[in-house]
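**Student:** My file is work_6.txt. It has compact mmCIF, C-alpha atoms and all ligand atoms:
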```
# COMPACT_ATOMS: atom_id res chain seq x y z
CA MET A 1 100.30 48.31 -3.76
CA VAL A 2 100.82 48.51 -7.51
CA TYR A 3 104.23 50.04 -8.12
CA SER A 4 104.50 52.68 -10.84
CA LYS A 5 106.27 52.19 -14.16
CA GLU A 6 108.65 55.02 -13.20
CA PHE A 7 109.80 52.98 -10.18
CA PHE A 8 110.95 50.24 -12.55
CA ALA A 9 112.51 52.78 -14.92
CA LEU A 10 114.61 54.15 -12.05
CA GLN A 11 115.93 50.69 -11.20
CA ILE A 12 116.68 49.91 -14.83
CA ASP A 13 118.69 53.16 -14.99
CA LEU A 14 120.86 51.87 -12.13
CA ALA A 15 121.23 48.41 -13.69
CA LYS A 16 122.35 49.95 -17.00
CA ALA A 17 124.84 52.22 -15.23
CA VAL A 18 126.30 49.29 -13.25
CA ALA A 19 126.46 47.13 -16.38
CA ALA A 20 128.41 49.83 -18.21
CA LEU A 21 130.66 50.65 -15.25
CA VAL A 22 131.77 47.14 -14.31
CA GLY A 23 131.21 45.35 -17.62
CA LEU A 24 128.37 43.15 -16.33
CA PRO A 25 125.73 41.60 -18.66
CA ILE A 26 122.48 43.54 -18.28
CA ASP A 27 120.51 40.46 -17.14
CA GLN A 28 122.90 40.00 -14.22
CA ALA A 29 122.78 43.68 -13.35
CA LEU A 30 118.97 43.57 -13.35
CA ARG A 31 118.97 40.54 -11.05
CA ASP A 32 121.65 41.77 -8.63
CA TYR A 33 121.12 45.55 -8.51
CA THR A 34 117.34 45.97 -8.67
CA ASN A 35 114.25 44.86 -6.74
CA ILE A 36 112.70 43.51 -9.97
CA TYR A 37 113.25 39.77 -9.30
CA ILE A 38 111.41 40.10 -5.97
CA ARG A 39 108.68 42.30 -7.51
CA PHE A 40 107.98 39.50 -10.01
CA GLY A 41 107.15 37.32 -6.98
CA LEU A 42 110.03 34.88 -7.62
CA GLY A 43 111.25 34.63 -4.04
CA ARG A 44 114.71 35.38 -2.74
CA HIS A 45 116.97 32.73 -4.29
CA PHE A 46 117.81 35.01 -7.24
CA ASP A 47 118.13 31.96 -9.43
CA HIS A 48 119.29 32.94 -12.91
CA GLY A 49 117.70 29.75 -14.27
CA HIS A 50 114.23 30.36 -12.77
CA PRO A 51 111.85 29.69 -15.70
CA VAL A 52 109.90 32.93 -15.17
CA TRP A 53 113.09 34.97 -14.95
CA ARG A 54 114.38 33.25 -18.12
CA ARG A 55 111.16 34.19 -19.92
CA TYR A 56 111.62 37.80 -18.83
CA ILE A 57 115.27 37.88 -19.94
CA ASP A 58 114.49 36.21 -23.28
CA GLY A 59 111.82 38.86 -23.95
CA LEU A 60 114.24 41.57 -22.90
CA THR A 61 116.64 40.76 -25.70
CA ARG A 62 113.82 41.23 -28.24
CA ALA A 63 112.13 44.23 -26.58
CA ALA A 64 112.24 47.60 -28.27
CA ASP A 65 111.72 49.33 -24.91
CA VAL A 66 113.25 47.61 -21.86
CA CYS A 67 111.16 49.54 -19.36
CA ASP A 68 107.92 48.92 -21.22
CA TRP A 69 108.60 45.16 -21.42
CA THR A 70 109.61 45.01 -17.74
CA TYR A 71 106.49 46.82 -16.59
CA ARG A 72 104.13 44.70 -18.71
CA PHE A 73 105.86 41.59 -17.37
CA TYR A 74 105.47 42.84 -13.77
CA LEU A 75 101.74 43.54 -14.20
CA ALA A 76 101.17 40.11 -15.73
CA GLN A 77 103.17 38.37 -12.99
CA ARG A 78 101.31 40.30 -10.33
CA ALA A 79 97.98 39.18 -11.75
CA ASP A 80 99.16 35.54 -11.96
CA SER A 81 100.85 35.14 -8.60
CA ARG A 82 99.09 37.56 -6.32
CA GLN A 83 100.20 36.95 -2.73
CA PRO A 84 97.78 37.81 0.08
CA GLU A 85 98.87 41.09 1.71
CA THR A 86 98.66 41.90 5.41
CA SER A 87 95.76 44.14 6.46
CA THR A 88 98.03 46.08 8.82
CA CYS A 89 101.06 48.28 8.08
CA PHE A 90 103.28 46.44 10.54
CA SER A 91 103.80 42.69 10.43
CA TYR A 92 106.50 40.25 11.52
CA VAL A 93 108.09 36.97 10.60
CA MET A 94 110.08 34.60 12.78
CA GLN A 95 113.65 34.83 11.53
CA ASP A 96 114.47 31.84 13.70
CA ALA A 97 113.15 30.36 16.94
CA THR A 98 114.49 33.24 19.05
CA CYS A 99 114.37 36.21 16.70
CA VAL A 100 111.52 38.26 15.22
CA ARG A 101 111.88 40.44 12.10
CA ILE A 102 109.62 43.49 11.71
CA HIS A 103 108.19 44.49 8.30
CA PHE A 104 106.30 47.55 7.11
CA ARG A 105 104.09 48.27 4.12
CA ASN A 106 101.43 50.88 3.49
CA ALA A 107 98.07 49.26 4.24
CA GLU A 108 96.19 52.57 4.54
CA SER A 109 94.08 54.18 1.82
CA ALA A 110 95.89 56.47 -0.63
CA THR A 111 94.57 59.58 1.13
CA THR A 112 95.94 58.63 4.57
CA ALA A 113 99.59 59.22 5.50
CA PRO A 114 100.52 56.00 7.33
CA LEU A 115 103.35 57.56 9.34
CA SER A 116 101.61 60.85 10.21
CA SER A 117 101.09 61.86 13.86
CA GLU A 118 97.35 61.32 13.34
CA ARG A 119 98.00 57.66 12.53
CA LEU A 120 100.69 57.13 15.17
CA PRO A 121 98.20 55.66 17.70
CA ALA A 122 97.07 53.16 15.04
CA ARG A 123 100.68 52.18 14.26
CA LEU A 124 101.51 51.75 17.96
CA ALA A 125 98.36 49.67 18.42
CA GLU A 126 99.47 47.36 15.59
CA LEU A 127 102.87 46.92 17.19
CA ARG A 128 101.34 46.33 20.62
CA THR A 129 99.14 43.59 19.13
CA ILE A 130 102.20 41.99 17.50
CA PHE A 131 104.21 41.98 20.71
CA ASP A 132 101.24 40.78 22.77
CA GLU A 133 100.99 37.84 20.39
CA ILE A 134 104.72 37.09 20.53
CA LYS A 135 104.67 37.22 24.33
CA ARG A 136 101.76 34.79 24.38
CA ASP A 137 102.89 32.39 21.63
CA GLY A 138 106.66 32.75 21.44
CA PRO A 139 108.17 32.30 24.90
CA HIS A 140 111.63 31.64 23.43
CA VAL A 141 111.90 34.90 21.49
CA THR A 142 114.73 37.08 22.81
CA ARG A 143 115.58 39.45 19.92
CA VAL A 144 113.90 41.81 17.48
CA VAL A 145 115.58 42.88 14.23
CA GLY A 146 114.74 45.07 11.24
CA THR A 147 116.45 46.43 8.13
CA SER A 148 115.12 49.43 6.27
CA TRP A 149 115.74 52.91 4.90
CA LEU A 150 112.72 53.84 7.06
CA TYR A 151 114.86 53.80 10.23
CA ASN A 152 116.26 57.15 9.04
CA LEU A 153 112.85 58.85 9.38
CA PRO A 154 111.77 60.40 12.69
CA ALA A 155 108.16 59.53 11.79
CA TYR A 156 109.13 55.84 11.70
CA ARG A 157 111.66 55.81 14.53
CA ARG A 158 109.10 57.10 17.02
CA CYS A 159 107.16 53.84 16.67
CA PHE A 160 109.98 51.91 18.38
CA PRO A 161 111.95 51.83 21.64
CA ALA A 162 115.06 54.06 21.75
CA PRO A 163 117.70 51.28 22.09
CA TYR A 164 116.35 49.62 18.93
CA VAL A 165 116.58 52.70 16.68
CA ALA A 166 119.88 53.75 18.30
CA SER A 167 121.46 50.44 17.27
CA GLY A 168 121.22 51.31 13.54
CA ARG A 169 124.18 50.28 11.35
CA ILE A 170 124.39 50.72 7.60
CA ALA A 171 123.29 47.53 5.85
CA GLU A 172 125.53 47.25 2.78
CA ARG A 173 124.50 46.00 -0.64
CA ARG A 174 120.71 46.00 -0.28
CA TYR A 175 120.32 46.66 -4.02
CA ARG A 176 117.89 43.77 -4.47
CA HIS A 177 115.57 44.88 -1.70
CA ILE A 178 112.71 47.27 -1.01
CA SER A 179 114.50 48.07 2.26
CA LEU A 180 116.69 50.33 0.08
CA TRP A 181 114.52 51.11 -2.98
CA GLY A 182 111.43 51.98 -0.90
CA GLN A 183 112.81 55.47 -0.24
CA PHE A 184 111.83 56.55 -3.75
CA LEU A 185 108.15 55.71 -3.27
CA ASP A 186 105.28 57.59 -1.83
CA ARG A 187 102.36 55.78 -0.26
CA THR A 188 100.66 55.23 -3.65
CA GLY A 189 103.65 53.56 -5.34
CA SER A 190 104.61 56.68 -7.35
CA LEU A 191 108.05 58.27 -7.20
CA ARG A 192 108.89 61.04 -4.75
CA PRO A 193 110.23 63.82 -7.04
CA ASN A 194 112.98 65.33 -4.84
CA VAL A 195 114.57 62.06 -3.76
CA THR A 196 114.38 60.76 -7.34
CA GLN A 197 116.05 63.87 -8.72
CA ASP A 198 118.79 63.62 -6.12
CA PHE A 199 119.38 59.94 -7.07
CA LYS A 200 119.52 60.76 -10.79
CA SER A 201 122.11 63.52 -10.31
CA ARG A 202 124.25 61.24 -8.13
CA LEU A 203 123.95 58.43 -10.68
CA ALA A 204 124.98 60.75 -13.53
CA GLY A 205 128.16 61.58 -11.59
CA LEU A 206 129.04 57.96 -10.74
CA THR A 207 132.49 57.01 -12.01
CA LYS A 208 133.77 54.38 -9.55
CA PRO A 209 132.05 51.08 -8.63
CA GLY A 210 133.07 51.68 -5.00
CA ASP A 211 130.81 54.77 -4.90
CA LEU A 212 127.68 52.90 -5.94
CA GLY A 213 126.09 52.85 -2.47
CA ARG A 214 126.33 56.64 -2.32
CA VAL A 215 123.93 57.19 -5.20
CA PHE A 216 121.15 56.38 -2.71
CA PRO A 217 120.24 59.46 -0.65
CA LEU A 218 119.37 57.27 2.37
CA GLN A 219 121.03 54.01 3.39
CA ALA A 220 119.22 50.93 4.66
CA LEU A 221 119.86 50.59 8.40
CA ALA A 222 120.00 47.28 10.28
CA VAL A 223 118.65 47.55 13.82
CA GLU A 224 118.18 45.14 16.70
CA ALA A 225 117.35 45.06 20.41
CA PRO A 226 116.30 42.61 23.15
CA ILE A 227 112.56 41.93 23.15
CA GLU A 228 112.17 43.22 26.74
CA ALA A 229 112.70 46.77 25.42
CA PHE A 230 109.60 46.29 23.23
CA TYR A 231 107.45 44.86 26.01
CA ARG A 232 108.33 47.89 28.15
CA PHE A 233 107.80 50.41 25.33
CA TYR A 234 104.33 49.12 24.39
CA GLY A 235 103.27 48.66 28.03
CA ILE A 236 103.05 44.88 27.92
CA SER A 237 103.38 43.64 31.48
CA ALA A 238 105.84 40.98 32.57
CA ASP A 239 103.05 38.54 33.48
CA GLY A 240 101.24 39.18 30.15
C1 LIG A 301 106.88 54.20 3.64
C2 LIG A 301 105.94 54.95 2.72
C3 LIG A 301 104.50 54.51 2.97
C4 LIG A 301 106.09 56.45 3.00
O1 LIG A 301 105.22 57.11 2.09
P1 LIG A 301 104.72 58.61 2.37
O2 LIG A 301 103.65 58.88 1.37
O3 LIG A 301 105.89 59.52 2.40
O4 LIG A 301 104.09 58.44 3.83
P2 LIG A 301 103.92 59.52 4.96
O5 LIG A 301 103.27 60.74 4.39
O6 LIG A 301 103.25 58.86 6.11
O7 LIG A 301 105.46 59.94 5.28
C5 LIG A 301 106.05 59.86 6.47
C6 LIG A 301 107.14 60.91 6.65
O8 LIG A 301 108.35 60.46 6.08
C7 LIG A 301 108.86 61.43 5.17
N1 LIG A 301 109.52 60.74 4.06
C8 LIG A 301 108.98 59.76 3.32
N2 LIG A 301 109.88 59.34 2.41
C9 LIG A 301 111.01 60.06 2.61
C10 LIG A 301 112.30 60.08 2.00
N3 LIG A 301 112.61 59.25 1.00
N4 LIG A 301 113.21 60.94 2.46
C11 LIG A 301 112.93 61.78 3.48
N5 LIG A 301 111.73 61.82 4.11
C12 LIG A 301 110.78 60.97 3.67
C13 LIG A 301 107.63 62.17 4.72
O9 LIG A 301 107.96 63.45 4.21
C14 LIG A 301 106.85 62.24 6.00
O10 LIG A 301 107.42 63.21 6.87
P3 LIG A 301 106.51 64.33 7.56
O11 LIG A 301 105.51 63.57 8.40
O12 LIG A 301 107.50 65.13 8.35
O13 LIG A 301 105.89 65.06 6.41
C15 LIG A 301 106.32 54.69 1.23
O14 LIG A 301 107.63 55.17 1.02
C16 LIG A 301 106.26 53.24 0.85
O15 LIG A 301 105.19 52.64 0.80
N6 LIG A 301 107.43 52.64 0.53
C17 LIG A 301 107.52 51.25 0.09
C18 LIG A 301 107.49 50.32 1.26
C19 LIG A 301 108.77 50.35 2.04
O16 LIG A 301 109.70 51.07 1.76
N7 LIG A 301 108.78 49.50 3.05
C20 LIG A 301 109.95 49.28 3.81
C21 LIG A 301 110.27 47.86 3.70
S1 LIG A 301 111.70 47.45 4.65
```
Could you render the structure from this file as structure tokens?
Ligand SMILES: CC(C)(COP(=O)(O)OP(=O)(O)OC[C@H]1O[C@@H](n2cnc3c(N)ncnc32)[C@H](O)[C@@H]1OP(=O)(O)O)[C@@H](O)C(=O)NCCC(=O)NCCS
**Tutor:**
Amino acid sequence: MVYSKEFFALQIDLAKAVAALVGLPIDQALRDYTNIYIRFGLGRHFDHGHPVWRRYIDGLTRAADVCDWTYRFYLAQRADSRQPETSTCFSYVMQDATCVRIHFRNAESATTAPLSSERLPARLAELRTIFDEIKRDGPHVTRVVGTSWLYNLPAYRRCFPAPYVASGRIAERRYRHISLWGQFLDRTGSLRPNVTQDFKSRLAGLTKPGDLGRVFPLQALAVEAPIEAFYRFYGISADG
């Protein structure tokens, strides 16, 4: 997915507000309160000295338009360091030897709503394939975890067993991650107008650093459950 320029503008708005509110240099606010570092494909170490990040920050100080510079930099980075994307909406990584982490991205065409009831059978089939594979190849896996704003949506929650979605706890300080910022996007990478407007009004009224989390209409939720709940939910039998 190519994210829209407006998505970057929204994040820059937050970084500027945080910088002004707590007296933080703008480069630090951009690194710590936006998803931009990750969108540049620089990994998750958030290293201030990363040469690509330094190049971005150096250009920023000379740029007439911060958003324009950021978006041009993103498009160039994306072209240079394109990572292969999964062909399915759901995917997983092994968090450690006993724990699986679930991820979601829109892998459907722009005209198809990935979380619609029409596509629910396809989503459940993806998850069944994932858990079949884990049962076959990962006998030591005992836990499944996830963190996302998506766990607030009934259309997403219905893809998972009840104990997993019921375990949701607010995941604080996800400012660097798509698990929080994703709520502003539609399936094409453009902004959703109502949620964006809500965010902008909350941001305009922000006066205390402690209220920062509340400018986001939805919070990222951290969920987890034993893997047996998933085997049962997707009809994967005990003997495989
Ligand atoms: C997830 C994503 C594909 C949803 O896009 P979309 O175009 O709204 O997709 P769908 O039409 O399938 O929407 C699913 C439902 O969620 C609702 N919804 C989506 N975003 C919402 C939001 N921010 N607030 C409230 N409801 C929302 C939609 O209205 C729809 O509900 P409905 O079926 O009752 O109409 C899109 O936000 C995205 O790609 N985000 C970036 C990736 C991401 O956030 N991944 C999570 C990583 S942890």
**Student:** Which residues, protein or nucleic acid, reach to within 9 Å of (116.4, 62.8, -3.9) in the file's coordinates when using all atoms listed in the file, and can you give that as a list in words?
**Tutor:**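 Nearby residues: Gln183, Phe184, Arg192, Pro193, Asn194, Val195, Thr196, Gln197, Asp198, Phe199, Lys200, Ser201, Phe216, Pro217 and Leu218 of chain A.
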**Student:** Keeping C-alpha atoms, export the residues of the selection given above as an mmCIF file, in the frame of the given file.
**Tutor:**
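Result saved to selection.cif:
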```
data_model
loop_
_atom_site.group_PDB
_atom_site.id
_atom_site.type_symbol
_atom_site.label_atom_id
_atom_site.label_comp_id
_atom_site.auth_asym_id
_atom_site.auth_seq_id
_atom_site.Cartn_x
_atom_site.Cartn_y
_atom_site.Cartn_z
ATOM 1 C CA GLN A 183 112.810 55.470 -0.240
ATOM 2 C CA PHE A 184 111.830 56.550 -3.750
ATOM 3 C CA ARG A 192 108.890 61.040 -4.750
ATOM 4 C CA PRO A 193 110.230 63.820 -7.040
ATOM 5 C CA ASN A 194 112.980 65.330 -4.840
ATOM 6 C CA VAL A 195 114.570 62.060 -3.760
ATOM 7 C CA THR A 196 114.380 60.760 -7.340
ATOM 8 C CA GLN A 197 116.050 63.870 -8.720
ATOM 9 C CA ASP A 198 118.790 63.620 -6.120
ATOM 10 C CA PHE A 199 119.380 59.940 -7.070
ATOM 11 C CA LYS A 200 119.520 60.760 -10.790
ATOM 12 C CA SER A 201 122.110 63.520 -10.310
ATOM 13 C CA PHE A 216 121.150 56.380 -2.710
ATOM 14 C CA PRO A 217 120.240 59.460 -0.650
ATOM 15 C CA LEU A 218 119.370 57.270 2.370
#
```
**Student:** With only C-alpha atoms and all ligand atoms counted, collect every polymer residue having an atom within 8 Å of ligand LIG 301 (chain A); state the result as a ChimeraX atom specification.
**Tutor:** /A:1,103-106,112-117,146-150,152-156,177-189,192,195,217-218
**Student:** Could you check the closest approach to Tyr234 (chain A) for each of A:Gln77, A:Ser109, A:Gln11, A:Thr129 and tell me which residue wins, using all atoms listed in the file?
**Tutor:**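 Checking each candidate against Tyr234 (chain A), we get A:Thr129 as the closest.
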**Student:** If you measure from CA of Arg39 (chain A) to CA of Ala122 (chain A), what distance in Å do you get, rounded to one decimal?
**Tutor:**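 These atoms are spaced 27.6 Å apart.
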**Student:** Between CA of Pro161 (chain A) and CA of Glu224 (chain A), what is the spacing in Å?
**Tutor:**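 Value for the CA of Glu224 (chain A)-CA of Pro161 (chain A) distance: 10.4 Å.
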**Student:** With all atoms listed in the file as the counted atoms, please give the residues lying no more than 9 Å from Leu124 (chain A), apart from itself and same-chain residues fewer than 4 positions off, as a PyMOL selection string.
**Tutor:** chain A and resi 119-120+128-129+159-160+234
**Student:** Skipping near chain neighbours, those fewer than 3 positions away, what residues fall within 10 Å of Leu127 (chain A) using all atoms listed in the file, listed as a list in words?
**Tutor:**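 Contacts, in chain order: Thr88, Cys89, Phe90, Ser91, Tyr92, Ile102, Pro121, Ala122, Arg123, Leu124, Ile130, Phe131, Asp132, Glu133, Cys159, Phe160, Phe230 and Tyr234 of chain A.
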